[in-house]
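Everything below belongs to work10.cif, which stores mmCIF, C-alpha atoms and all ligand atoms.
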data_my_file
loop_
_atom_site.group_PDB
_atom_site.id
_atom_site.type_symbol
_atom_site.label_atom_id
_atom_site.label_comp_id
_atom_site.auth_asym_id
_atom_site.auth_seq_id
_atom_site.Cartn_x
_atom_site.Cartn_y
_atom_site.Cartn_z
ATOM 1 C CA MET N 1 0.000 0.000 0.000
ATOM 2 C CA VAL N 2 1.169 3.539 -0.767
ATOM 3 C CA SER N 3 0.036 6.272 1.629
ATOM 4 C CA TRP N 4 -0.698 9.785 0.347
ATOM 5 C CA ALA N 5 -1.724 12.948 2.207
ATOM 6 C CA VAL N 6 -3.238 15.862 0.277
ATOM 7 C CA THR N 7 -3.950 19.270 1.839
ATOM 8 C CA GLY N 8 -6.896 21.389 0.653
ATOM 9 C CA ALA N 9 -8.782 18.262 -0.427
ATOM 10 C CA THR N 10 -12.362 19.564 -0.246
ATOM 11 C CA ARG N 11 -12.577 21.050 -3.737
ATOM 12 C CA GLY N 12 -10.826 21.637 -7.051
ATOM 13 C CA ILE N 13 -7.404 20.135 -7.645
ATOM 14 C CA GLY N 14 -7.099 18.713 -4.098
ATOM 15 C CA LEU N 15 -10.367 16.770 -4.422
ATOM 16 C CA GLY N 16 -9.163 15.675 -7.887
ATOM 17 C CA PHE N 17 -6.028 14.136 -6.318
ATOM 18 C CA VAL N 18 -8.184 12.243 -3.804
ATOM 19 C CA GLN N 19 -10.571 11.018 -6.544
ATOM 20 C CA ASN N 20 -7.719 9.815 -8.753
ATOM 21 C CA LEU N 21 -5.625 8.185 -6.017
ATOM 22 C CA SER N 22 -8.468 6.513 -4.119
ATOM 23 C CA ALA N 23 -9.664 4.754 -7.301
ATOM 24 C CA ASP N 24 -6.722 2.369 -6.697
ATOM 25 C CA SER N 25 -7.402 0.283 -3.590
ATOM 26 C CA GLN N 26 -3.629 -0.108 -3.135
ATOM 27 C CA ASN N 27 -3.494 3.583 -2.143
ATOM 28 C CA GLN N 28 -4.363 4.886 1.315
ATOM 29 C CA VAL N 29 -5.409 8.541 0.962
ATOM 30 C CA PHE N 30 -5.512 11.131 3.728
ATOM 31 C CA ALA N 31 -7.625 14.157 2.790
ATOM 32 C CA ILE N 32 -6.322 16.969 4.999
ATOM 33 C CA ILE N 33 -8.947 19.724 5.245
ATOM 34 C CA ARG N 34 -9.659 22.737 7.431
ATOM 35 C CA SER N 35 -13.433 22.366 7.578
ATOM 36 C CA LEU N 36 -16.184 19.899 6.722
ATOM 37 C CA ALA N 37 -18.387 22.815 5.597
ATOM 38 C CA THR N 38 -17.188 22.619 1.962
ATOM 39 C CA ALA N 39 -16.455 18.879 2.023
ATOM 40 C CA GLY N 40 -19.803 17.483 0.773
ATOM 41 C CA PRO N 41 -18.467 15.669 -2.341
ATOM 42 C CA LEU N 42 -15.376 14.477 -0.411
ATOM 43 C CA LYS N 43 -17.514 13.040 2.399
ATOM 44 C CA GLU N 44 -19.722 11.275 -0.148
ATOM 45 C CA LEU N 45 -16.682 9.745 -1.859
ATOM 46 C CA ALA N 46 -15.240 8.664 1.504
ATOM 47 C CA THR N 47 -18.405 6.727 2.345
ATOM 48 C CA GLU N 48 -17.973 4.734 -0.906
ATOM 49 C CA ARG N 49 -14.192 4.300 -0.765
ATOM 50 C CA LYS N 50 -12.827 2.998 2.495
ATOM 51 C CA ASN N 51 -9.228 3.920 1.581
ATOM 52 C CA ILE N 52 -10.038 7.640 2.100
ATOM 53 C CA HIS N 53 -9.475 9.101 5.577
ATOM 54 C CA ILE N 54 -10.634 12.669 6.225
ATOM 55 C CA VAL N 55 -8.442 14.581 8.685
ATOM 56 C CA VAL N 56 -9.664 17.997 9.863
ATOM 57 C CA THR N 57 -6.941 20.358 11.067
ATOM 58 C CA GLU N 58 -5.659 23.942 10.860
ATOM 59 C CA LEU N 59 -2.605 24.385 8.623
ATOM 60 C CA SER N 60 -1.515 27.550 10.445
ATOM 61 C CA ASP N 61 -1.424 25.832 13.865
ATOM 62 C CA PRO N 62 1.531 23.490 14.595
ATOM 63 C CA GLU N 63 -0.210 22.056 17.684
ATOM 64 C CA LYS N 64 -3.256 21.016 15.644
ATOM 65 C CA LEU N 65 -0.963 19.685 12.891
ATOM 66 C CA LYS N 66 0.784 17.518 15.478
ATOM 67 C CA LEU N 67 -2.592 15.879 16.210
ATOM 68 C CA ALA N 68 -3.272 15.478 12.461
ATOM 69 C CA ALA N 69 0.107 13.761 11.962
ATOM 70 C CA ALA N 70 -0.635 11.495 14.946
ATOM 71 C CA GLU N 71 -3.969 10.538 13.340
ATOM 72 C CA VAL N 72 -2.212 9.617 10.079
ATOM 73 C CA SER N 73 0.536 7.791 11.982
ATOM 74 C CA LYS N 74 -2.034 5.703 13.851
ATOM 75 C CA ALA N 75 -3.630 4.579 10.569
ATOM 76 C CA THR N 76 -0.351 3.808 8.734
ATOM 77 C CA GLY N 77 1.737 2.464 11.594
ATOM 78 C CA GLY N 78 4.020 5.511 11.760
ATOM 79 C CA SER N 79 4.775 6.437 8.151
ATOM 80 C CA LEU N 80 3.625 8.476 5.147
ATOM 81 C CA ASP N 81 4.876 7.890 1.606
ATOM 82 C CA VAL N 82 3.865 11.066 -0.253
ATOM 83 C CA LEU N 83 2.787 14.489 1.034
ATOM 84 C CA ILE N 84 1.077 16.837 -1.461
ATOM 85 C CA LEU N 85 0.860 20.494 -0.388
ATOM 86 C CA ASN N 86 -2.097 21.642 -2.459
ATOM 87 C CA ALA N 87 -4.046 24.052 -0.193
ATOM 88 C CA GLY N 88 -3.640 27.638 -1.318
ATOM 89 C CA SER N 89 -5.501 30.818 -2.130
ATOM 90 C CA ALA N 90 -4.847 34.229 -3.650
ATOM 91 C CA GLY N 91 -5.522 36.051 -0.383
ATOM 92 C CA PRO N 92 -7.064 39.465 0.246
ATOM 93 C CA GLU N 93 -9.438 41.413 -1.990
ATOM 94 C CA THR N 94 -6.467 43.518 -3.194
ATOM 95 C CA SER N 95 -4.995 40.519 -5.039
ATOM 96 C CA ALA N 96 -6.109 41.742 -8.471
ATOM 97 C CA LEU N 97 -4.004 44.900 -8.159
ATOM 98 C CA PRO N 98 -0.600 45.437 -9.818
ATOM 99 C CA PRO N 99 2.334 46.611 -7.612
ATOM 100 C CA SER N 100 2.099 50.383 -8.254
ATOM 101 C CA ALA N 101 -1.570 50.435 -7.170
ATOM 102 C CA PHE N 102 -0.362 50.003 -3.576
ATOM 103 C CA HIS N 103 1.288 53.454 -3.573
ATOM 104 C CA GLY N 104 -0.075 55.235 -0.472
ATOM 105 C CA LYS N 105 -1.817 52.044 0.706
ATOM 106 C CA GLU N 106 0.834 50.692 3.055
ATOM 107 C CA GLU N 107 -1.585 48.776 5.256
ATOM 108 C CA ALA N 108 -3.156 47.061 2.258
ATOM 109 C CA LEU N 109 0.319 46.230 0.890
ATOM 110 C CA GLU N 110 1.403 44.631 4.165
ATOM 111 C CA LYS N 111 -1.832 42.623 4.257
ATOM 112 C CA GLU N 112 -1.523 41.557 0.596
ATOM 113 C CA ILE N 113 2.007 40.218 1.081
ATOM 114 C CA GLY N 114 1.706 39.138 4.735
ATOM 115 C CA GLU N 115 -1.463 37.072 4.348
ATOM 116 C CA ASN N 116 -0.102 35.322 1.291
ATOM 117 C CA ILE N 117 3.185 34.513 3.004
ATOM 118 C CA ASN N 118 1.348 33.172 6.066
ATOM 119 C CA ASN N 119 -1.079 31.024 4.070
ATOM 120 C CA ASN N 120 1.118 29.870 1.203
ATOM 121 C CA ILE N 121 4.594 29.637 2.784
ATOM 122 C CA ILE N 122 4.584 29.517 6.585
ATOM 123 C CA SER N 123 1.634 27.100 6.877
ATOM 124 C CA ASN N 124 3.240 24.816 4.288
ATOM 125 C CA ILE N 125 6.502 24.771 6.271
ATOM 126 C CA TYR N 126 4.499 23.863 9.393
ATOM 127 C CA VAL N 127 2.834 21.025 7.460
ATOM 128 C CA ILE N 128 6.129 19.637 6.137
ATOM 129 C CA ASN N 129 7.807 19.759 9.546
ATOM 130 C CA SER N 130 4.794 18.153 11.247
ATOM 131 C CA PHE N 131 4.752 15.215 8.817
ATOM 132 C CA LEU N 132 8.521 14.907 8.275
ATOM 133 C CA ASP N 133 9.128 12.032 10.692
ATOM 134 C CA LEU N 134 6.345 10.064 8.989
ATOM 135 C CA ILE N 135 7.880 10.782 5.557
ATOM 136 C CA ARG N 136 11.277 9.625 6.894
ATOM 137 C CA ASN N 137 9.618 6.298 7.771
ATOM 138 C CA GLY N 138 7.837 6.037 4.386
ATOM 139 C CA THR N 139 9.095 4.085 1.372
ATOM 140 C CA GLU N 140 8.518 6.789 -1.300
ATOM 141 C CA LYS N 141 9.835 9.740 0.778
ATOM 142 C CA LYS N 142 8.313 12.424 -1.502
ATOM 143 C CA ILE N 143 6.961 15.919 -0.849
ATOM 144 C CA ALA N 144 5.209 17.802 -3.685
ATOM 145 C CA PHE N 145 4.060 21.437 -3.665
ATOM 146 C CA VAL N 146 1.285 22.675 -5.970
ATOM 147 C CA SER N 147 2.804 25.989 -7.016
ATOM 148 C CA SER N 148 1.698 28.366 -9.780
ATOM 149 C CA GLN N 149 2.954 29.685 -13.094
ATOM 150 C CA SER N 150 2.360 33.150 -11.638
ATOM 151 C CA GLY N 151 5.403 32.541 -9.400
ATOM 152 C CA ASP N 152 7.651 32.123 -12.448
ATOM 153 C CA LEU N 153 9.793 35.023 -13.707
ATOM 154 C CA GLU N 154 9.720 34.059 -17.396
ATOM 155 C CA PHE N 155 5.940 33.461 -17.354
ATOM 156 C CA THR N 156 5.461 36.924 -15.818
ATOM 157 C CA ARG N 157 8.007 38.599 -18.100
ATOM 158 C CA ILE N 158 6.579 37.195 -21.326
ATOM 159 C CA THR N 159 2.841 37.475 -20.540
ATOM 160 C CA GLY N 160 3.044 40.788 -18.677
ATOM 161 C CA PHE N 161 0.914 39.217 -15.908
ATOM 162 C CA SER N 162 1.297 41.918 -13.231
ATOM 163 C CA PHE N 163 -1.606 40.911 -10.940
ATOM 164 C CA VAL N 164 -1.849 38.704 -7.804
ATOM 165 C CA MET N 165 1.421 40.114 -6.464
ATOM 166 C CA GLY N 166 1.319 38.649 -2.924
ATOM 167 C CA TYR N 167 0.236 35.220 -4.198
ATOM 168 C CA SER N 168 2.967 35.185 -6.849
ATOM 169 C CA ILE N 169 5.614 36.237 -4.296
ATOM 170 C CA ALA N 170 4.450 33.466 -1.952
ATOM 171 C CA LYS N 171 4.419 30.779 -4.670
ATOM 172 C CA ALA N 172 7.918 31.797 -5.845
ATOM 173 C CA GLY N 173 9.093 31.869 -2.207
ATOM 174 C CA MET N 174 7.664 28.430 -1.468
ATOM 175 C CA ASN N 175 9.410 27.043 -4.566
ATOM 176 C CA ILE N 176 12.797 27.930 -3.048
ATOM 177 C CA VAL N 177 11.671 26.545 0.335
ATOM 178 C CA MET N 178 10.919 23.226 -1.414
ATOM 179 C CA THR N 179 14.357 23.261 -3.048
ATOM 180 C CA LYS N 180 15.929 23.928 0.355
ATOM 181 C CA PHE N 181 14.064 21.020 1.991
ATOM 182 C CA GLY N 182 15.224 18.840 -0.927
ATOM 183 C CA ALA N 183 18.832 20.003 -0.470
ATOM 184 C CA GLU N 184 18.739 19.435 3.282
ATOM 185 C CA LEU N 185 17.072 16.022 3.190
ATOM 186 C CA ALA N 186 18.624 14.452 0.055
ATOM 187 C CA HIS N 187 21.015 12.360 2.147
ATOM 188 C CA GLU N 188 17.963 10.764 3.818
ATOM 189 C CA GLY N 189 16.489 9.827 0.420
ATOM 190 C CA ILE N 190 13.736 12.490 0.681
ATOM 191 C CA LYS N 191 12.798 14.165 -2.612
ATOM 192 C CA THR N 192 10.829 17.380 -3.202
ATOM 193 C CA ILE N 193 9.203 18.972 -6.239
ATOM 194 C CA SER N 194 7.172 22.119 -7.023
ATOM 195 C CA LEU N 195 4.622 21.784 -9.827
ATOM 196 C CA SER N 196 2.507 24.302 -11.682
ATOM 197 C CA PRO N 197 -0.886 22.603 -12.167
ATOM 198 C CA GLY N 198 -1.629 24.498 -15.395
ATOM 199 C CA TRP N 199 -4.618 26.808 -15.784
ATOM 200 C CA VAL N 200 -7.314 24.620 -14.231
ATOM 201 C CA ASN N 201 -11.099 24.847 -14.192
ATOM 202 C CA THR N 202 -11.772 25.176 -10.420
ATOM 203 C CA ASP N 203 -13.594 27.605 -8.111
ATOM 204 C CA ALA N 204 -10.345 29.576 -7.753
ATOM 205 C CA ALA N 205 -9.974 29.939 -11.531
ATOM 206 C CA LYS N 206 -13.672 30.833 -11.930
ATOM 207 C CA ALA N 207 -13.339 33.542 -9.264
ATOM 208 C CA VAL N 208 -10.772 35.245 -11.500
ATOM 209 C CA THR N 209 -12.006 34.483 -15.003
ATOM 210 C CA GLY N 210 -15.763 33.988 -14.462
ATOM 211 C CA ASP N 211 -16.258 37.558 -15.710
ATOM 212 C CA PRO N 212 -15.991 37.490 -19.553
ATOM 213 C CA ALA N 213 -14.158 40.858 -19.597
ATOM 214 C CA VAL N 214 -11.520 39.591 -17.136
ATOM 215 C CA ARG N 215 -11.253 36.312 -19.019
ATOM 216 C CA LYS N 216 -10.512 38.267 -22.238
ATOM 217 C CA ILE N 217 -7.773 40.296 -20.501
ATOM 218 C CA MET N 218 -6.197 37.069 -19.206
ATOM 219 C CA LEU N 219 -6.420 35.315 -22.569
ATOM 220 C CA ASP N 220 -4.822 38.311 -24.330
ATOM 221 C CA LEU N 221 -1.877 38.079 -21.897
ATOM 222 C CA PHE N 222 -1.633 34.289 -22.063
ATOM 223 C CA HIS N 223 -1.631 34.383 -25.894
ATOM 224 C CA LYS N 224 1.741 36.164 -25.763
ATOM 225 C CA LEU N 225 3.128 32.908 -24.410
ATOM 226 C CA ASP N 226 0.881 30.409 -26.174
ATOM 227 C CA PRO N 227 -1.337 31.599 -29.064
ATOM 228 C CA ASP N 228 -3.354 28.358 -28.872
ATOM 229 C CA VAL N 229 -4.568 28.557 -25.258
ATOM 230 C CA SER N 230 -8.365 28.917 -25.213
ATOM 231 C CA GLY N 231 -9.258 28.300 -21.560
ATOM 232 C CA PRO N 232 -8.509 26.256 -18.479
ATOM 233 C CA ILE N 233 -7.978 22.497 -18.559
ATOM 234 C CA GLU N 234 -10.122 20.143 -16.476
ATOM 235 C CA VAL N 235 -9.048 19.017 -12.996
ATOM 236 C CA ASP N 236 -8.575 15.365 -14.124
ATOM 237 C CA GLU N 237 -6.025 16.345 -16.750
ATOM 238 C CA SER N 238 -4.021 18.516 -14.342
ATOM 239 C CA VAL N 239 -4.081 15.891 -11.593
ATOM 240 C CA SER N 240 -3.047 12.957 -13.792
ATOM 241 C CA SER N 241 -0.183 15.001 -15.309
ATOM 242 C CA GLN N 242 1.038 16.037 -11.854
ATOM 243 C CA LEU N 243 0.761 12.495 -10.440
ATOM 244 C CA LYS N 244 2.828 11.155 -13.347
ATOM 245 C CA LEU N 245 5.594 13.634 -12.458
ATOM 246 C CA ILE N 246 5.348 12.835 -8.728
ATOM 247 C CA LYS N 247 5.596 9.097 -9.461
ATOM 248 C CA GLU N 248 8.626 9.742 -11.718
ATOM 249 C CA LEU N 249 10.337 11.996 -9.143
ATOM 250 C CA THR N 250 13.906 10.852 -8.469
ATOM 251 C CA ALA N 251 16.879 12.201 -6.526
ATOM 252 C CA GLU N 252 18.215 13.624 -9.840
ATOM 253 C CA ASN N 253 15.285 15.999 -10.427
ATOM 254 C CA SER N 254 14.465 16.646 -6.749
ATOM 255 C CA GLY N 255 14.032 20.334 -5.866
ATOM 256 C CA LYS N 256 12.930 21.474 -9.352
ATOM 257 C CA PHE N 257 9.954 23.687 -10.246
ATOM 258 C CA LEU N 258 8.217 22.228 -13.315
ATOM 259 C CA THR N 259 5.075 22.757 -15.354
ATOM 260 C CA HIS N 260 2.465 19.968 -15.380
ATOM 261 C CA HIS N 261 4.100 18.873 -18.654
ATOM 262 C CA GLY N 262 7.388 18.327 -16.802
ATOM 263 C CA ASP N 263 9.329 21.222 -18.373
ATOM 264 C CA THR N 264 9.998 24.860 -17.456
ATOM 265 C CA SER N 265 8.137 26.693 -20.221
ATOM 266 C CA THR N 266 4.867 24.976 -21.254
ATOM 267 C CA TRP N 267 2.558 26.541 -18.669
ATOM 268 C CA PHE N 268 -0.766 25.706 -20.389
HETATM 269 N N1 LIG N 301 -6.894 26.589 -10.618
HETATM 270 C C1 LIG N 301 -5.812 27.088 -11.209
HETATM 271 O O1 LIG N 301 -5.838 27.491 -12.392
HETATM 272 C C2 LIG N 301 -4.502 27.164 -10.450
HETATM 273 C C3 LIG N 301 -3.399 27.695 -11.123
HETATM 274 C C4 LIG N 301 -2.187 27.753 -10.463
HETATM 275 C C5 LIG N 301 -2.072 27.260 -9.173
HETATM 276 N N2 LIG N 301 -3.160 26.744 -8.532
HETATM 277 C C6 LIG N 301 -2.955 26.229 -7.157
HETATM 278 O O2 LIG N 301 -3.567 24.953 -7.026
HETATM 279 C C7 LIG N 301 -3.966 24.743 -5.667
HETATM 280 C C8 LIG N 301 -5.418 24.304 -5.624
HETATM 281 O O3 LIG N 301 -6.202 25.353 -6.193
HETATM 282 P P1 LIG N 301 -7.676 25.153 -6.751
HETATM 283 O O4 LIG N 301 -7.736 25.848 -8.047
HETATM 284 O O5 LIG N 301 -8.093 23.736 -6.638
HETATM 285 O O6 LIG N 301 -8.459 26.053 -5.690
HETATM 286 P P2 LIG N 301 -9.903 25.907 -4.988
HETATM 287 O O7 LIG N 301 -10.840 25.206 -5.869
HETATM 288 O O8 LIG N 301 -10.209 27.260 -4.476
HETATM 289 O O9 LIG N 301 -9.574 24.954 -3.732
HETATM 290 C C9 LIG N 301 -8.643 25.375 -2.772
HETATM 291 C C10 LIG N 301 -8.530 24.319 -1.696
HETATM 292 O O10 LIG N 301 -7.545 24.766 -0.743
HETATM 293 C C11 LIG N 301 -8.174 24.906 0.538
HETATM 294 N N3 LIG N 301 -7.583 26.053 1.217
HETATM 295 C C12 LIG N 301 -7.420 27.309 0.735
HETATM 296 N N4 LIG N 301 -6.825 28.093 1.647
HETATM 297 C C13 LIG N 301 -6.621 27.303 2.742
HETATM 298 C C14 LIG N 301 -6.066 27.518 4.028
HETATM 299 N N5 LIG N 301 -5.587 28.729 4.376
HETATM 300 N N6 LIG N 301 -6.023 26.490 4.898
HETATM 301 C C15 LIG N 301 -6.501 25.286 4.553
HETATM 302 N N7 LIG N 301 -7.041 24.999 3.358
HETATM 303 C C16 LIG N 301 -7.102 25.999 2.471
HETATM 304 C C17 LIG N 301 -9.655 25.076 0.257
HETATM 305 O O11 LIG N 301 -10.385 24.666 1.400
HETATM 306 P P3 LIG N 301 -11.895 25.225 1.707
HETATM 307 O O12 LIG N 301 -12.846 24.387 0.905
HETATM 308 O O13 LIG N 301 -12.022 24.997 3.183
HETATM 309 O O14 LIG N 301 -11.921 26.664 1.314
HETATM 310 C C18 LIG N 301 -9.810 24.119 -0.922
HETATM 311 O O15 LIG N 301 -9.852 22.783 -0.461
HETATM 312 C C19 LIG N 301 -3.709 26.066 -4.939
HETATM 313 O O16 LIG N 301 -2.495 25.994 -4.221
HETATM 314 C C20 LIG N 301 -3.604 27.083 -6.077
HETATM 315 O O17 LIG N 301 -2.785 28.166 -5.727
HETATM 316 C C21 LIG N 301 -4.380 26.688 -9.143
#
Here is a file; write its structure as structure tokens.
Amino acid sequence: MVSWAVTGATRGIGLGFVQNLSADSQNQVFAIIRSLATAGPLKELATERKNIHIVVTELSDPEKLKLAAAEVSKATGGSLDVLILNAGSAGPETSALPPSAFHGKEEALEKEIGENINNNIISNIYVINSFLDLIRNGTEKKIAFVSSQSGDLEFTRITGFSFVMGYSIAKAGMNIVMTKFGAELAHEGIKTISLSPGWVNTDAAKAVTGDPAVRKIMLDLFHKLDPDVSGPIEVDESVSSQLKLIKELTAENSGKFLTHHGDTSTWF
């Protein structure tokens, strides 16, 4: 049996990971969520598939994460093979603004960057450190981070995508954190990877591009990089591409930041 833990598993890409992985009865899947309020479809799936375990915790609270890791440990006998850090959000209502719009709005700037760093970097470091002993005892010894193309310099440079500043800073920052964990833990056989999931049809994507005018602005920018992109891909496609890369992860490519195609330039 291979054990997997996925954070942010109530909806979107996180739920997609749970759906895909739990279809194989040889996988044991821990759906790590912050609340049951949005977990209707996950709960339904977990009643059908006994290899899904729902664990409710708070990613920003190391004490609660300790209890979550103990719950996983009890079910696996003290190990975890693969940890997928998927939970993430774009943060405050200012996220649509470009950097210069924060001139004279110091409080909003601190909130934009601070909230994103707390939610998308610090919480993820808490999660890794809370589950690290279990990963050490696992056979796969893999940690994957669901990053974003918006944290990539070349993507930003070529498309001119100047929005979601705090989120992009946090995703880029977490990429280097993943590389550092990989560098530190390589001698223990632990491997890390950051993956862009692509542009994926989820609630988060709809919140940004649900408005046809906004969608047109985004597509005009994205066409500078890829003239053929017409819209987001479905969750299944993103998840199966990412799982292929996680399964193929070796010591040689540990610590990299890759697109869901496994390269550093095909973001759609
Ligand atoms: N969709 C895209 O096009 C796209 C592109 C690039 C990167 N990504 C990344 O892919 C990941 C998944 O995104 P998605 O599109 O599937 O988003 P989504 O549909 O909005 O789902 C986000 C998931 O993360 C959870 N979550 C968010 N903030 C959290 C927090 N502070 N603590 C605990 N759980 C939290 C949500 O839980 P609740 O149900 O409790 O809110 C939900 O389960 C994110 O890291 C996102 O940045 C997505």
Among listed residues N:Val214, N:Asp133, N:Val127, N:Ile246, nearest Phe163 (chain N) (using all atoms listed in the file):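 Going through N:Val214, N:Asp133, N:Val127, N:Ile246 one by one, the smallest distance to Phe163 (chain N) is for N:Val214.
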Within 9 Å of ligand LIG 301 (chain N): each chain N residue with its shortest pair, only C-alpha atoms and all ligand atoms, as CSV:
residue,atom,partner,partner_atom,distance
N:Thr7,CA,N:LIG301,N7,6.7
N:Gly8,CA,N:LIG301,O15,3.5
N:Ala9,CA,N:LIG301,O15,4.6
N:Thr10,CA,N:LIG301,O15,4.1
N:Arg11,CA,N:LIG301,O15,4.6
N:Gly12,CA,N:LIG301,O5,3.5
N:Ile13,CA,N:LIG301,O5,3.8
N:Gly14,CA,N:LIG301,O5,5.7
N:Leu15,CA,N:LIG301,O15,7.2
N:Gly16,CA,N:LIG301,O5,8.2
N:Ile32,CA,N:LIG301,N7,8.2
N:Ile33,CA,N:LIG301,N7,5.9
N:Arg34,CA,N:LIG301,C15,5.0
N:Ser35,CA,N:LIG301,O13,5.3
N:Leu36,CA,N:LIG301,O13,7.5
N:Ala37,CA,N:LIG301,O13,7.1
N:Thr38,CA,N:LIG301,O12,4.8
N:Ala39,CA,N:LIG301,O12,6.7
N:Thr57,CA,N:LIG301,C15,8.2
N:Glu58,CA,N:LIG301,N6,6.5
N:Leu59,CA,N:LIG301,N6,5.5
N:Ser60,CA,N:LIG301,N6,7.2
N:Leu85,CA,N:LIG301,O16,7.5
N:Asn86,CA,N:LIG301,O16,4.7
N:Ala87,CA,N:LIG301,O10,3.6
N:Gly88,CA,N:LIG301,O16,3.5
N:Ser89,CA,N:LIG301,N4,4.8
N:Ala90,CA,N:LIG301,O17,6.7
N:Gly91,CA,N:LIG301,N4,8.3
N:Asn118,CA,N:LIG301,N5,8.4
N:Asn119,CA,N:LIG301,N5,5.1
N:Asn120,CA,N:LIG301,N5,7.5
N:Ser123,CA,N:LIG301,N5,7.8
N:Phe145,CA,N:LIG301,O16,8.0
N:Val146,CA,N:LIG301,O16,5.3
N:Ser147,CA,N:LIG301,C5,5.5
N:Ser148,CA,N:LIG301,C5,4.0
N:Gln149,CA,N:LIG301,C4,6.1
N:Ser150,CA,N:LIG301,C4,7.2
N:Tyr167,CA,N:LIG301,O17,7.8
N:Lys171,CA,N:LIG301,O17,7.7
N:Leu195,CA,N:LIG301,C5,8.7
N:Ser196,CA,N:LIG301,C4,6.0
N:Pro197,CA,N:LIG301,C4,5.6
N:Gly198,CA,N:LIG301,C3,5.6
N:Trp199,CA,N:LIG301,O1,3.7
N:Val200,CA,N:LIG301,O1,3.7
N:Asn201,CA,N:LIG301,N1,5.8
N:Thr202,CA,N:LIG301,O7,4.6
N:Asp203,CA,N:LIG301,O7,4.3
N:Ala204,CA,N:LIG301,O8,4.0
N:Ala205,CA,N:LIG301,N1,4.6
N:Lys206,CA,N:LIG301,N1,8.1
N:Ala207,CA,N:LIG301,O8,8.5
N:Pro232,CA,N:LIG301,O1,6.8
N:Ile233,CA,N:LIG301,O1,8.2
N:Val235,CA,N:LIG301,O5,8.0
Resolved residues for the PyMOL selection byres (((chain N and resi 264) around 12) and not hetatm) as a PyMOL selection string: chain N and resi 148-149+152-155+194-196+198+256-263+265-268
Could you please take those selected residues and save C-alpha atoms as a short mmCIF file (atom, residue, chain, number, x, y, z; two decimals), in the frame of the given file?
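And here is the file that came out, result21.cif:
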data_model
loop_
_atom_site.label_atom_id
_atom_site.label_comp_id
_atom_site.auth_asym_id
_atom_site.auth_seq_id
_atom_site.Cartn_x
_atom_site.Cartn_y
_atom_site.Cartn_z
CA SER N 148 1.70 28.37 -9.78
CA GLN N 149 2.95 29.68 -13.09
CA ASP N 152 7.65 32.12 -12.45
CA LEU N 153 9.79 35.02 -13.71
CA GLU N 154 9.72 34.06 -17.40
CA PHE N 155 5.94 33.46 -17.35
CA SER N 194 7.17 22.12 -7.02
CA LEU N 195 4.62 21.78 -9.83
CA SER N 196 2.51 24.30 -11.68
CA GLY N 198 -1.63 24.50 -15.40
CA LYS N 256 12.93 21.47 -9.35
CA PHE N 257 9.95 23.69 -10.25
CA LEU N 258 8.22 22.23 -13.32
CA THR N 259 5.08 22.76 -15.35
CA HIS N 260 2.46 19.97 -15.38
CA HIS N 261 4.10 18.87 -18.65
CA GLY N 262 7.39 18.33 -16.80
CA ASP N 263 9.33 21.22 -18.37
CA SER N 265 8.14 26.69 -20.22
CA THR N 266 4.87 24.98 -21.25
CA TRP N 267 2.56 26.54 -18.67
CA PHE N 268 -0.77 25.71 -20.39
#
Pick out the closest residue to Ala70 (chain N) from this set: N:Gln19, N:Thr47, N:Thr94, N:Ser130. Count all atoms listed in the file.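 Answer, going by the shortest atom-to-atom distance: N:Ser130.
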Show me, as a PyMOL selection string, the residues that have an atom within 12 Å of Lys141 (chain N) when counting only C-alpha atoms, minus same-chain residues fewer than 2 positions from it. chain N and resi 2-4+79-84+128+131-139+143-144+182+185-193+246-247+249-251+254
Which of these residues is nearest to Leu221 (chain N), using all atoms listed in the file: N:Glu115, N:Glu248, N:Pro62, N:Gly160?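 Once distances to Leu221 (chain N) are computed over all atoms listed in the file, the minimum belongs to N:Gly160.
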